[in-house]
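Undergrad: Following this message is one structure expressed as structure tokens.
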Amino acid sequence: MKISVTREDIRNGKPGKPTECMVALALKRELGISYASVGYREAKVLIDGQYTKLYLPRRVEKKIRFWDGFRFVFPFSFELVASGFLTGTAITLRARKVRPALVSPCGSPQPA
């Protein structure tokens with residue numbers, strides 16, 4: 001699911017407040033929930049009486065850290081990754097992008 005952090009989220013968010021930061025406000029709005037607590041790498045949301053952990057992409061972590069320090073960031077969006085880090089399609093998609101490196105073992109004779 002795509003989450004968009006808008007100018008309003010950025011303007012109304014409070015740095016250093018896990019339940020009131022720009023990403024928490026965006027999660028609450030986009031998911032239609034009343035509770036979201038956001039750290040740098042993950043978020044915890046309350047959906048139908050159950051807490052669910054969501055993993056944030058590294059670039060979102062960088063934006064939150066920058067925003068906490070300087071109170072400035074442009075609107076952005078990101079895809080949510082639910083609990084079960086590096087499982088399912090996320091790991092399958094990454095595996096397709098990996099190419100084996102062409103290296104020759106040390107000490108093996110090189111063709112002339």
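We name chains A, B, ... following the order of the structure tokens; residues begin at 1 in each chain, and ligands are numbered from 1 as shown.
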What lies within 10 Å of segment 27-36 of chain A using only C-alpha atoms, ignoring chain neighbours under 5 positions off, as a list in words?

TA: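 Selected residues are Met1, Lys2, Ile3, Ser4, Val5, Asp9, Pro18, Thr19, Glu20, Cys21, Met22, Ala43, Lys44, Val45, Leu46, Ile47, Asp48, Tyr51, Thr52, Lys53 and Leu80 of chain A.
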
Undergrad: Write to file, as a PDB file, in the first residue's frame, the residues of the selection just made, with N, CA, C and O atoms.

TA:
```
ATOM      1  N   MET A   1       0.841  -1.175   0.000  1.00  0.00           N
ATOM      2  CA  MET A   1       0.000   0.000   0.000  1.00  0.00           C
ATOM      3  C   MET A   1       0.887   1.239   0.000  1.00  0.00           C
ATOM      4  O   MET A   1       1.862   1.317   0.732  1.00  0.00           O
ATOM      5  N   LYS A   2       0.505   2.199  -0.814  1.00  0.00           N
ATOM      6  CA  LYS A   2       1.280   3.427  -0.928  1.00  0.00           C
ATOM      7  C   LYS A   2       0.777   4.456   0.083  1.00  0.00           C
ATOM      8  O   LYS A   2      -0.414   4.706   0.183  1.00  0.00           O
ATOM      9  N   ILE A   3       1.712   5.044   0.833  1.00  0.00           N
ATOM     10  CA  ILE A   3       1.413   6.083   1.816  1.00  0.00           C
ATOM     11  C   ILE A   3       2.015   7.392   1.318  1.00  0.00           C
ATOM     12  O   ILE A   3       3.206   7.446   1.001  1.00  0.00           O
ATOM     13  N   SER A   4       1.207   8.434   1.264  1.00  0.00           N
ATOM     14  CA  SER A   4       1.676   9.753   0.834  1.00  0.00           C
ATOM     15  C   SER A   4       1.763  10.681   2.036  1.00  0.00           C
ATOM     16  O   SER A   4       0.789  10.847   2.764  1.00  0.00           O
ATOM     17  N   VAL A   5       2.927  11.261   2.232  1.00  0.00           N
ATOM     18  CA  VAL A   5       3.139  12.258   3.284  1.00  0.00           C
ATOM     19  C   VAL A   5       2.975  13.613   2.606  1.00  0.00           C
ATOM     20  O   VAL A   5       3.775  13.984   1.750  1.00  0.00           O
ATOM     21  N   ASP A   9       0.731  17.123   6.427  1.00  0.00           N
ATOM     22  CA  ASP A   9       1.344  16.211   7.401  1.00  0.00           C
ATOM     23  C   ASP A   9       2.662  16.797   7.903  1.00  0.00           C
ATOM     24  O   ASP A   9       2.950  16.759   9.100  1.00  0.00           O
ATOM     25  N   PRO A  18       6.555  10.469  18.558  1.00  0.00           N
ATOM     26  CA  PRO A  18       6.263   9.286  17.748  1.00  0.00           C
ATOM     27  C   PRO A  18       4.819   9.170  17.253  1.00  0.00           C
ATOM     28  O   PRO A  18       4.587   8.665  16.170  1.00  0.00           O
ATOM     29  N   THR A  19       3.859   9.636  18.028  1.00  0.00           N
ATOM     30  CA  THR A  19       2.461   9.508  17.607  1.00  0.00           C
ATOM     31  C   THR A  19       1.947  10.743  16.862  1.00  0.00           C
ATOM     32  O   THR A  19       0.813  10.755  16.399  1.00  0.00           O
ATOM     33  N   GLU A  20       2.793  11.770  16.754  1.00  0.00           N
ATOM     34  CA  GLU A  20       2.362  13.009  16.104  1.00  0.00           C
ATOM     35  C   GLU A  20       3.314  13.482  15.010  1.00  0.00           C
ATOM     36  O   GLU A  20       3.201  14.605  14.537  1.00  0.00           O
ATOM     37  N   CYS A  21       4.262  12.644  14.616  1.00  0.00           N
ATOM     38  CA  CYS A  21       5.201  13.053  13.563  1.00  0.00           C
ATOM     39  C   CYS A  21       4.505  13.008  12.206  1.00  0.00           C
ATOM     40  O   CYS A  21       3.394  12.493  12.064  1.00  0.00           O
ATOM     41  N   MET A  22       5.153  13.547  11.194  1.00  0.00           N
ATOM     42  CA  MET A  22       4.549  13.646   9.865  1.00  0.00           C
ATOM     43  C   MET A  22       4.138  12.288   9.308  1.00  0.00           C
ATOM     44  O   MET A  22       3.079  12.154   8.691  1.00  0.00           O
ATOM     45  N   ALA A  43       7.054   1.293  12.377  1.00  0.00           N
ATOM     46  CA  ALA A  43       5.890   1.953  12.952  1.00  0.00           C
ATOM     47  C   ALA A  43       4.993   0.881  13.558  1.00  0.00           C
ATOM     48  O   ALA A  43       5.002  -0.264  13.113  1.00  0.00           O
ATOM     49  N   LYS A  44       4.235   1.277  14.564  1.00  0.00           N
ATOM     50  CA  LYS A  44       3.260   0.375  15.168  1.00  0.00           C
ATOM     51  C   LYS A  44       1.906   1.052  15.024  1.00  0.00           C
ATOM     52  O   LYS A  44       1.743   2.213  15.385  1.00  0.00           O
ATOM     53  N   VAL A  45       0.940   0.313  14.451  1.00  0.00           N
ATOM     54  CA  VAL A  45      -0.396   0.854  14.253  1.00  0.00           C
ATOM     55  C   VAL A  45      -1.410  -0.064  14.917  1.00  0.00           C
ATOM     56  O   VAL A  45      -1.176  -1.261  15.073  1.00  0.00           O
ATOM     57  N   LEU A  46      -2.537   0.513  15.313  1.00  0.00           N
ATOM     58  CA  LEU A  46      -3.620  -0.246  15.935  1.00  0.00           C
ATOM     59  C   LEU A  46      -4.751  -0.367  14.922  1.00  0.00           C
ATOM     60  O   LEU A  46      -5.367   0.634  14.540  1.00  0.00           O
ATOM     61  N   ILE A  47      -4.979  -1.607  14.463  1.00  0.00           N
ATOM     62  CA  ILE A  47      -6.023  -1.883  13.480  1.00  0.00           C
ATOM     63  C   ILE A  47      -6.927  -2.969  14.035  1.00  0.00           C
ATOM     64  O   ILE A  47      -6.463  -4.066  14.350  1.00  0.00           O
ATOM     65  N   ASP A  48      -8.201  -2.656  14.180  1.00  0.00           N
ATOM     66  CA  ASP A  48      -9.197  -3.602  14.692  1.00  0.00           C
ATOM     67  C   ASP A  48      -8.763  -4.237  16.014  1.00  0.00           C
ATOM     68  O   ASP A  48      -8.885  -5.442  16.217  1.00  0.00           O
ATOM     69  N   TYR A  51      -2.317  -4.642  17.389  1.00  0.00           N
ATOM     70  CA  TYR A  51      -1.141  -3.855  17.025  1.00  0.00           C
ATOM     71  C   TYR A  51      -0.409  -4.576  15.900  1.00  0.00           C
ATOM     72  O   TYR A  51      -0.180  -5.769  15.960  1.00  0.00           O
ATOM     73  N   THR A  52      -0.052  -3.821  14.894  1.00  0.00           N
ATOM     74  CA  THR A  52       0.673  -4.364  13.751  1.00  0.00           C
ATOM     75  C   THR A  52       1.941  -3.556  13.553  1.00  0.00           C
ATOM     76  O   THR A  52       1.914  -2.329  13.572  1.00  0.00           O
ATOM     77  N   LYS A  53       3.050  -4.254  13.357  1.00  0.00           N
ATOM     78  CA  LYS A  53       4.334  -3.591  13.127  1.00  0.00           C
ATOM     79  C   LYS A  53       4.528  -3.443  11.625  1.00  0.00           C
ATOM     80  O   LYS A  53       4.328  -4.373  10.862  1.00  0.00           O
ATOM     81  N   LEU A  80       4.367   0.498   2.068  1.00  0.00           N
ATOM     82  CA  LEU A  80       4.432  -0.158   3.375  1.00  0.00           C
ATOM     83  C   LEU A  80       4.899  -1.589   3.229  1.00  0.00           C
ATOM     84  O   LEU A  80       4.562  -2.258   2.258  1.00  0.00           O
TER      85      LEU A  80
END
```

Undergrad: Just the strand (DSSP E or B) stuff from segment 23-72 of chain A, please, per backbone DSSP, written as a list of chain:residue names.

TA: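 So the strand (DSSP E or B) residues in segment 23-72 of chain A would be A:Ala36, A:Ser37, A:Val38, A:Glu42, A:Ala43, A:Lys44, A:Val45, A:Leu46, A:Ile47, A:Gln50, A:Tyr51, A:Thr52, A:Lys53, A:Leu54, A:Tyr55.
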
Undergrad: Using Å and a single decimal, report how far atom CA of Phe78 of chain A sits from atom CA of Gly49 of chain A.

TA: 24.8 Å

Undergrad: Set the distance at 12 Å and use only C-alpha atoms: which residues neighbour Pro15 of chain A once local chain neighbours fewer than 3 positions away are removed? I'd like the list as a compact mmCIF listing (two decimals) with C-alpha atoms, in the first residue's frame.

TA:
```txt
# COMPACT_ATOMS: atom_id res chain seq x y z
CA ASP A 9 1.34 16.21 7.40
CA ILE A 10 4.74 17.91 7.33
CA ARG A 11 3.35 21.24 8.58
CA ASN A 12 1.14 19.73 11.33
CA PRO A 18 6.26 9.29 17.75
CA THR A 19 2.46 9.51 17.61
CA GLU A 20 2.36 13.01 16.10
CA CYS A 21 5.20 13.05 13.56
CA MET A 22 4.55 13.65 9.87
CA VAL A 23 4.64 9.92 9.00
CA ALA A 24 2.32 9.01 11.89
CA LEU A 25 -0.18 11.61 10.67
CA VAL A 38 6.53 5.89 14.34
CA GLY A 39 10.21 5.32 15.01
CA TYR A 40 13.03 5.68 12.53
CA LYS A 63 13.65 11.77 5.77
CA ILE A 64 12.39 11.44 9.36
CA ARG A 65 15.87 12.02 10.78
CA PHE A 66 16.39 15.09 8.56
CA TRP A 67 12.92 16.43 9.43
CA ASP A 68 13.52 15.92 13.17
CA GLY A 69 16.73 17.94 12.89
CA PHE A 70 15.84 20.68 10.43
CA ARG A 71 12.02 20.65 10.28
CA PHE A 72 12.14 20.65 6.48
CA VAL A 73 11.33 18.00 3.90
```
